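**Student:** This structure is in structure tokens; I'll ask about it shortly.
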Amino acid sequence: MREKSKIKRGVSLYSYQEEFYTGKLNLEQCIAEVAKTGAKGIELLPEQMLKGFPKVSEEFVDQWFGWMDQYGVEPVAYDAFLDNKLFPNRLLTLEENVDMMVRDLKLANKLGFKVLRTLVSTPLEVVKASLPYAEEYGVKIALEVHAPFTFGTPWFEERMEYIISSGTKWFGIMPDLGIFVKRIPPVMEQRHIRDGGTPEIITFVSENYENGVDKDETLEVVKKMKNANKVDLAYAELARHLIYTDPKILKDYIPYIMHVHGKYYDITDDYKEPSIPYKDIINILDEAGYDGYIDSEYEGNRHIQDFMEVDSVKQVQRHQELLKSLLDN
Amino acid sequence: MREKSKIKRGVSLYSYQEEFYTGKLNLEQCIAEVAKTGAKGIELLPEQMLKGFPKVSEEFVDQWFGWMDQYGVEPVAYDAFLDNKLFPNRLLTLEENVDMMVRDLKLANKLGFKVLRTLVSTPLEVVKASLPYAEEYGVKIALEVHAPFTFGTPWFEERMEYIISSGTKWFGIMPDLGIFVKRIPPVMEQRHIRDGGTPEIITFVSENYENGVDKDETLEVVKKMKNANKVDLAYAELARHLIYTDPKILKDYIPYIMHVHGKYYDITDDYKEPSIPYKDIINILDEAGYDGYIDSEYEGNRHIQDFMEVDSVKQVQRHQELLKSLLDN
Amino acid sequence: MFEQYMVCEDGFKNVEENGELIGFEVKLRIPYYRGVSLSLINSIDLEVDGISFPQDDMLFKVETGSFPYNELSTVINNRWEFGEKATLFVKKKGGLDSGSHKVHAVVNLRISYLPWPNIGDDTKTITLVEN
Amino acid sequence: MFEQYMVCEDGFKNVEENGELIGFEVKLRIPYYRGVSLSLINSIDLEVDGISFPQDDMLFKVETGSFPYNELSTVINNRWEFGEKATLFVKKKGGLDSGSHKVHAVVNLRISYLPWPNIGDDTKTITLVEN
Ligand SMILES: [Mn+2]
Ligand SMILES: [Mn+2]
């Protein structure tokens, strides 16, 4: 019998974006929903759910930690954005980028977060210049490994090389399981068909993707199809931004993995994620000794909100059940 | 014999702008020059002499207080500017203005200043919203009463009415002695003549000013003079921005006067300020019990830098001698 | 994403000033998954019944402030919050006729990590609220 | 004020890149009594020997950063410090002829407490430093 996994379960409140947006759930209610799933970790996009960002009152900070105690959860990851296109006529300077990182590191520290997510587009020099502040505020900077970027791409290698050579413990990586999309998510497929995509062409693109056919080639083929319409082309284009990486690669990077985004597009009635091989991924992480968090990151609402009532709460519960089943036996 | 005056002498480093600009004196040397005059108070325009404003390193803060001890002086007034035209296409919002005030109050506190100078153009609502921060950082906000604005103008009355009715001790006034210009400063006169002004017309404007003739009328008269040139018109225009207020008015506002700018344009070889009645002003302030600072604020360099080597150090020494003579006997 | 929520059915009304109809308002929600500084708004285009309105006649109002369209490019400290119903006011003497109108809005946001802008495009037939 | 110090006599030189003269530089000091954010620069105009240069060909460099002219309007976190010799680079194939030139600069600053801009206007005949 395998010992019980040390991997901890959490939820990114990003998963409840639909209900927060429409006013069905407020911030506290989102946290309450997480607690109901038994997950302990809270991940937050302050720019999504903290009104008045970047200003946060002392009263809110007290309220925030009050919720943490009340619902028996803990702050885990703060998802930051580096808006270096803040002005239309120029990019921010290095110093302005670092100031923005420091603003987020400070706020992450103030709200008890351990890890700050930085995006693919964050220049490495900005991260390097921010490390003293990461240390000062005790918040680790984690580079999200997010499709279409993945392990092995030049973008990744350059950053990974720095992490290893510098030996810093304030900069690491956080894979988003969206880099392990084996099959184009059915919810995306169906949305494109509802939007007028030609079923045969949509299926053609899906099968090509699943069989590892070069995505640019598929796009070229679709472009030449006389009956391919705008939606078919958009779908072939969309496929180019999805990616499948062999999850085994995770083994080689465990010491540098600070957090994991449990991205998923839909958990079916029989508790399956049709496009991402969760079972393999969990086993690999577990056997390799990963003991950090995996946070549910539901990103399915935008593909189904056109024709059905989105139920992110149910989707998160199902995803947590899936994680529990894979982690606990 | 009058008891010794309680009024304290200081110097605004603004007085050394010429030498700082040309690199003759650095910040420490300016402070050293102040100490040599026996004055104790230091006034600073951070945007003039603190490189890297608004960022100030901890090392600099230590160095700053080191200088204060070394030269036996103390920080007194921080001259702030509210750049609400920071962007070309809009004014800053109320909140942004208050944020800028808080930035300056924080920095003033960090460097030990007691009073923050705010300019005529600062909206009253910005001051009101900043008062809780003035209290939090222990720095009083002082409205500079500066020509062409003076006591009795609607702008002043509105603010004074608030100061009195609110009873706040965090918002007061700081007269700039440039509101007591009895005679147009000779350095200004001579500059305009050097710049090509017609001596008779320049004298005509000066005499009208000294005799209290309406300045707009004088401008109209000059406009109609056939031989009046651009410089003559500029001089008549300049006169409109100078003002003479009867210094007796100071008596009625002593409880609200937090600081005084000892503005002057030139101290002659016989230690006189030809345009401002210093003797009367000092007596009035003294008798009315003012016990705050008067800081030398030399503003003559721009009128003489075209034809002679500016010596702000000598000018400040002379001004301090003048103050000493008026205060100590 | 969220385009379908962009043009709001409520709050669509004429605006009166000193007894005169000076324009109309429509509420818009952000077609994106987080709030952004208003300076990230590349452009807002509005058509009512096929007629498009000049941006110079627009005011964009969020809870923390109201800005003429040409100021938006430097408004970095006020945000269009996630899910917030911002108000787009459009100057139009006499306002709109009562009843329903086809409102088409296109919102273009400058998202730093995307090489292309995030464009929300939504058309709804909504009814003018009577004052 | 300080206009007489605006156009600096030193640092006036051609700029070479890959063996080609791509333009020239002149140093400017601020015609005002404090440092300001670059966004307060309303305009910079430069004439050399009576010929004025397009602002699109200009780069404005201070110690903390270098910015194409059309970026200046939003550069709020970099300052032209009091007394600092900023460098105005102007693109000009082949640069300027060696020897002395009549350089005329006009710098217009937007000062919040003034109802009119603070304009510095300075003309000097200065000599191109040989590389
Ligand atoms: Mn993610
Ligand atoms: Mn003053």
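Going through the structure tokens in order, the chains are called A, B, and so on, while each chain numbers its residues from 1 and the ligands are numbered from 1 in the order shown.
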Identify, on the basis of only C-alpha atoms, every residue whose closest approach to Pro54 of chain B does not exceed 12 Å; exclude the query and any residue fewer than 6 positions from it along the same chain; express the result as an MDAnalysis selection string.
**Tutor:** (chainID B and resid 45:48 80:81 100:108 110) or (chainID D and resid 35:37 76:79 81)
**Student:** Please, which residues of chain D, numbered as in this document, come out strand (DSSP E or B) from DSSP, as number ranges by chain?
**Tutor:** D: 7, 13-17, 20-28, 36-37, 41-48, 51-52, 58-62, 65-68, 79-80, 86-91, 100-109, 118-127, 129
**Student:** Find the spatial neighbours of Gly300 of chain B, counting only C-alpha atoms, within a cut-off of 9 Å - ignore same-chain residues fewer than 3 positions away - and output them as number ranges by chain.
**Tutor:** B: 15, 187-188, 264-266, 303-305, 310, 312, 315
**Student:** For chain D versus chain A, which residues have an atom no more than 12 Å away, and what is each residue's nearest atom pair and distance in Å rounded to one decimal, using only C-alpha atoms, chain-then-number order, as a Markdown table?
**Tutor:**
```
| residue | atom | partner | partner_atom | distance |
| --- | --- | --- | --- | --- |
| D:Thr64 | CA | A:Glu95 | CA | 9.0 |
| D:Gly65 | CA | A:Thr93 | CA | 7.9 |
| D:Ser66 | CA | A:Thr93 | CA | 9.6 |
| D:Phe67 | CA | A:Arg90 | CA | 8.9 |
| D:Pro68 | CA | A:Arg90 | CA | 9.1 |
| D:Tyr69 | CA | A:Asn89 | CA | 10.4 |
| D:Asn70 | CA | A:Asn89 | CA | 7.2 |
| D:Glu71 | CA | A:Asn89 | CA | 5.7 |
| D:Leu72 | CA | A:Asn89 | CA | 8.9 |
| D:Ser73 | CA | A:Asn89 | CA | 8.5 |
| D:Thr74 | CA | A:Phe87 | CA | 7.0 |
| D:Val75 | CA | A:Arg90 | CA | 8.6 |
| D:Ile76 | CA | A:Glu96 | CA | 9.9 |
| D:Asn77 | CA | A:Glu96 | CA | 7.4 |
| D:Asn78 | CA | A:Thr93 | CA | 9.2 |
```
**Student:** When you draw a straight line from atom CA of Ala77 of chain A to atom CA of Glu309 of chain A, how long is it in Å?
**Tutor:**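 Taking atom CA of Ala77 of chain A and atom CA of Glu309 of chain A, their separation equals 28.4 Å.
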**Student:** At a cut-off of 12 Å, using only C-alpha atoms, what residues contact segment 12-21 of chain D? Leave out same-chain residues fewer than 6 positions from it and give the result as a ChimeraX atom specification.
**Tutor:** /D:27-28,48,85-103,124-131
**Student:** Using only C-alpha atoms and all ligand atoms, what are the residues with an atom within 12 Å of ligand 2, set out as an MDAnalysis selection string?
**Tutor:** chainID B and resid 11:15 43:45 77:81 117:120 142:149 173:179 259:265 294:299
**Student:** I need the residues from that last selection saved to file as a CSV table (one decimal), in the first residue's frame (with N, CA and C atoms), if you can.
**Tutor:**
```csv
chain,number,residue,atom,x,y,z
B,11,VAL,N,17.4,78.4,7.2
B,11,VAL,CA,17.7,78.7,5.8
B,11,VAL,C,17.1,77.7,4.9
B,12,SER,N,16.4,78.1,3.8
B,12,SER,CA,15.9,77.2,2.9
B,12,SER,C,17.0,76.9,1.9
B,13,LEU,N,17.3,75.7,1.6
B,13,LEU,CA,18.5,75.4,0.7
B,13,LEU,C,18.1,75.8,-0.7
B,14,TYR,N,16.9,76.1,-0.9
B,14,TYR,CA,16.4,76.8,-2.2
B,14,TYR,C,17.3,78.0,-2.5
B,15,SER,N,17.8,78.6,-1.4
B,15,SER,CA,18.6,79.8,-1.6
B,15,SER,C,19.9,79.5,-2.3
B,43,GLU,N,15.6,74.0,5.6
B,43,GLU,CA,14.4,73.8,4.8
B,43,GLU,C,14.8,73.2,3.4
B,44,LEU,N,14.1,72.3,2.9
B,44,LEU,CA,14.5,71.6,1.7
B,44,LEU,C,13.4,71.4,0.7
B,45,LEU,N,13.8,71.5,-0.6
B,45,LEU,CA,12.8,71.1,-1.7
B,45,LEU,C,13.4,69.7,-2.2
B,77,ALA,N,11.4,72.5,7.5
B,77,ALA,CA,10.3,72.5,6.5
B,77,ALA,C,10.6,71.8,5.2
B,78,TYR,N,9.7,71.1,4.7
B,78,TYR,CA,9.8,70.2,3.5
B,78,TYR,C,8.9,70.9,2.5
B,79,ASP,N,9.5,71.5,1.4
B,79,ASP,CA,8.6,72.2,0.4
B,79,ASP,C,8.2,71.2,-0.6
B,80,ALA,N,6.9,70.9,-0.6
B,80,ALA,CA,6.3,69.9,-1.5
B,80,ALA,C,5.6,70.7,-2.7
B,81,PHE,N,5.5,69.9,-3.8
B,81,PHE,CA,4.8,70.4,-5.0
B,81,PHE,C,3.7,69.4,-5.3
B,117,ARG,N,5.3,72.3,3.3
B,117,ARG,CA,4.7,73.5,2.5
B,117,ARG,C,3.9,73.0,1.4
B,118,THR,N,2.6,73.4,1.4
B,118,THR,CA,1.8,73.1,0.2
B,118,THR,C,1.5,74.4,-0.5
B,119,LEU,N,1.4,74.4,-1.9
B,119,LEU,CA,1.3,75.6,-2.7
B,119,LEU,C,-0.1,76.1,-2.8
B,120,VAL,N,-0.2,77.3,-3.3
B,120,VAL,CA,-1.5,78.0,-3.6
B,120,VAL,C,-2.4,77.1,-4.3
B,142,ALA,N,1.3,73.3,5.8
B,142,ALA,CA,1.3,74.7,5.9
B,142,ALA,C,1.1,75.3,4.5
B,143,LEU,N,0.0,76.1,4.4
B,143,LEU,CA,-0.3,76.7,3.1
B,143,LEU,C,0.5,77.9,2.9
B,144,GLU,N,1.4,77.9,1.9
B,144,GLU,CA,2.2,79.1,1.6
B,144,GLU,C,1.4,80.2,1.1
B,145,VAL,N,1.4,81.3,1.8
B,145,VAL,CA,0.7,82.5,1.4
B,145,VAL,C,1.7,83.3,0.5
B,146,HIS,N,1.5,83.2,-0.8
B,146,HIS,CA,2.6,83.6,-1.7
B,146,HIS,C,2.0,84.5,-2.8
B,147,ALA,N,2.7,85.6,-3.1
B,147,ALA,CA,2.2,86.5,-4.2
B,147,ALA,C,1.9,85.7,-5.5
B,148,PRO,N,0.9,86.0,-6.3
B,148,PRO,CA,0.0,87.2,-6.1
B,148,PRO,C,-1.1,87.0,-5.1
B,149,PHE,N,-1.2,85.8,-4.5
B,149,PHE,CA,-2.2,85.6,-3.5
B,149,PHE,C,-1.7,86.2,-2.2
B,173,ILE,N,-0.9,78.2,8.1
B,173,ILE,CA,-0.4,79.0,7.0
B,173,ILE,C,1.0,79.3,7.2
B,174,MET,N,1.7,79.6,6.1
B,174,MET,CA,3.1,80.1,6.2
B,174,MET,C,3.3,81.2,5.2
B,175,PRO,N,3.3,82.4,5.7
B,175,PRO,CA,3.5,83.6,4.8
B,175,PRO,C,4.9,83.6,4.2
B,176,ASP,N,4.9,83.9,2.9
B,176,ASP,CA,6.2,84.2,2.2
B,176,ASP,C,6.3,85.7,2.2
B,177,LEU,N,7.4,86.2,2.7
B,177,LEU,CA,7.5,87.7,2.8
B,177,LEU,C,7.4,88.4,1.5
B,178,GLY,N,7.4,87.6,0.4
B,178,GLY,CA,7.2,88.2,-0.9
B,178,GLY,C,5.8,88.9,-1.1
B,179,ILE,N,5.0,88.7,0.0
B,179,ILE,CA,3.7,89.4,-0.1
B,179,ILE,C,3.8,90.8,0.4
B,259,HIS,N,5.1,78.7,10.0
B,259,HIS,CA,6.4,78.9,9.4
B,259,HIS,C,6.4,80.1,8.6
B,260,VAL,N,7.6,80.7,8.4
B,260,VAL,CA,7.7,81.9,7.6
B,260,VAL,C,8.8,81.8,6.6
B,261,HIS,N,8.5,82.1,5.3
B,261,HIS,CA,9.5,82.1,4.3
B,261,HIS,C,10.1,83.5,4.2
B,262,GLY,N,11.4,83.6,4.7
B,262,GLY,CA,12.1,84.9,4.6
B,262,GLY,C,12.5,85.2,3.2
B,263,LYS,N,11.5,85.4,2.3
B,263,LYS,CA,11.9,85.7,0.9
B,263,LYS,C,12.6,87.0,0.8
B,264,TYR,N,13.7,87.0,-0.1
B,264,TYR,CA,14.3,88.3,-0.4
B,264,TYR,C,15.0,88.2,-1.7
B,265,TYR,N,15.2,89.3,-2.4
B,265,TYR,CA,15.8,89.3,-3.8
B,265,TYR,C,17.2,89.8,-3.8
B,294,ILE,N,11.9,81.6,10.9
B,294,ILE,CA,12.0,82.4,9.6
B,294,ILE,C,13.2,81.8,8.8
B,295,ASP,N,12.9,81.3,7.6
B,295,ASP,CA,14.0,80.7,6.8
B,295,ASP,C,14.4,81.7,5.7
B,296,SER,N,15.7,81.9,5.6
B,296,SER,CA,16.1,82.7,4.4
B,296,SER,C,15.7,82.0,3.1
B,297,GLU,N,15.0,82.8,2.2
B,297,GLU,CA,14.7,82.2,0.9
B,297,GLU,C,15.1,83.2,-0.2
B,298,TYR,N,16.4,83.1,-0.5
B,298,TYR,CA,17.0,84.0,-1.5
B,298,TYR,C,16.5,83.6,-2.9
B,299,GLU,N,15.9,84.6,-3.6
B,299,GLU,CA,15.4,84.3,-4.9
B,299,GLU,C,15.9,85.4,-5.9
```
**Student:** Val205 of chain A: which residues within 10 Å, counting only C-alpha atoms, same-chain residues fewer than 2 positions away excluded, as a list in words?
**Tutor:**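 Listing them by chain and then by number gives Ile184, Glu189, Pro199, Glu200, Ile201, Ile202, Thr203, Glu207, Asn208, Tyr209, Glu210, Asn211, Val213, Lys215, Thr218, Leu219, Val221, Val222, Asp232, Leu233, Tyr235, Ala236, Glu237, Leu238 and Ala239 of chain A.
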**Student:** Provide the atom CA of Phe113 of chain A to atom CA of Asp291 of chain A distance in Å, to one decimal place.
**Tutor:**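 Computing it gives 16.9 Å between the two atoms.
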**Student:** Have a look at C:Pro117, C:Val26, C:Glu3, C:Ser39 and name the one nearest to chain D; count only C-alpha atoms.
**Tutor:**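 When distances to chain D are compared using only C-alpha atoms, the smallest one comes from C:Ser39.
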**Student:** Please, what distance in Å, to one decimal, runs between atom CA of Arg240 of chain B and atom CA of Thr150 of chain B?
**Tutor:** 13.3 Å
**Student:** For segment 28-35 of chain A, find every residue with an atom within 8 Å (counting only C-alpha atoms), except residues of its own chain fewer than 3 positions away, and show them as a ChimeraX atom specification.
**Tutor:** /A:10-11,13,16,25,38-40,42,67,71-73,313
**Student:** Would you output that residue set with N, CA, C and O atoms, as a short mmCIF file (atom, residue, chain, number, x, y, z; two decimals), in the first residue's frame?
**Tutor:**
```cif
data_model
loop_
_atom_site.label_atom_id
_atom_site.label_comp_id
_atom_site.auth_asym_id
_atom_site.auth_seq_id
_atom_site.Cartn_x
_atom_site.Cartn_y
_atom_site.Cartn_z
N GLY A 10 -5.70 22.32 -2.74
CA GLY A 10 -6.18 23.70 -2.58
C GLY A 10 -7.06 24.05 -3.76
O GLY A 10 -7.25 23.23 -4.68
N VAL A 11 -7.62 25.25 -3.74
CA VAL A 11 -8.47 25.71 -4.85
C VAL A 11 -8.11 27.16 -5.19
O VAL A 11 -7.94 28.00 -4.29
N LEU A 13 -9.39 30.55 -6.42
CA LEU A 13 -10.73 31.16 -6.49
C LEU A 13 -11.04 31.61 -7.92
O LEU A 13 -12.20 31.88 -8.26
N TYR A 16 -14.02 30.11 -9.51
CA TYR A 16 -15.40 30.59 -9.31
C TYR A 16 -15.65 31.91 -10.03
O TYR A 16 -16.58 32.66 -9.70
N LEU A 25 -21.64 34.71 -6.06
CA LEU A 25 -20.79 34.38 -4.90
C LEU A 25 -19.89 35.59 -4.63
O LEU A 25 -19.29 36.15 -5.55
N GLY A 38 -13.07 20.27 1.50
CA GLY A 38 -12.01 19.66 2.30
C GLY A 38 -10.63 20.16 1.90
O GLY A 38 -9.62 19.84 2.55
N ALA A 39 -10.57 20.96 0.85
CA ALA A 39 -9.26 21.49 0.45
C ALA A 39 -8.83 22.54 1.48
O ALA A 39 -9.67 23.22 2.07
N LYS A 40 -7.54 22.70 1.66
CA LYS A 40 -7.03 23.64 2.68
C LYS A 40 -6.45 24.90 2.05
O LYS A 40 -6.35 25.95 2.68
N ILE A 42 -5.87 28.21 -0.32
CA ILE A 42 -6.59 29.25 -1.06
C ILE A 42 -5.61 29.95 -2.01
O ILE A 42 -4.53 30.40 -1.60
N TRP A 67 -11.45 34.99 8.03
CA TRP A 67 -12.03 33.93 7.18
C TRP A 67 -11.14 32.69 7.18
O TRP A 67 -11.62 31.56 7.20
N TYR A 71 -12.86 29.26 8.33
CA TYR A 71 -13.10 28.17 7.38
C TYR A 71 -11.97 27.14 7.36
O TYR A 71 -11.95 26.23 6.52
N GLY A 72 -10.98 27.33 8.26
CA GLY A 72 -9.93 26.32 8.38
C GLY A 72 -9.11 26.15 7.11
O GLY A 72 -8.78 25.05 6.67
N VAL A 73 -8.81 27.28 6.48
CA VAL A 73 -8.00 27.21 5.25
C VAL A 73 -6.79 28.13 5.41
O VAL A 73 -6.68 28.86 6.39
N VAL A 313 -19.07 25.63 -8.71
CA VAL A 313 -18.99 24.98 -7.38
C VAL A 313 -18.98 23.46 -7.56
O VAL A 313 -18.13 22.75 -7.02
#
```
**Student:** Here is a test: counting only C-alpha atoms, which residue of B:Lys24, B:Arg191, B:His241, B:Lys55 is nearest to chain A?
**Tutor:**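 Looking only at the distances to chain A, the closest residue turns out to be B:Lys55.
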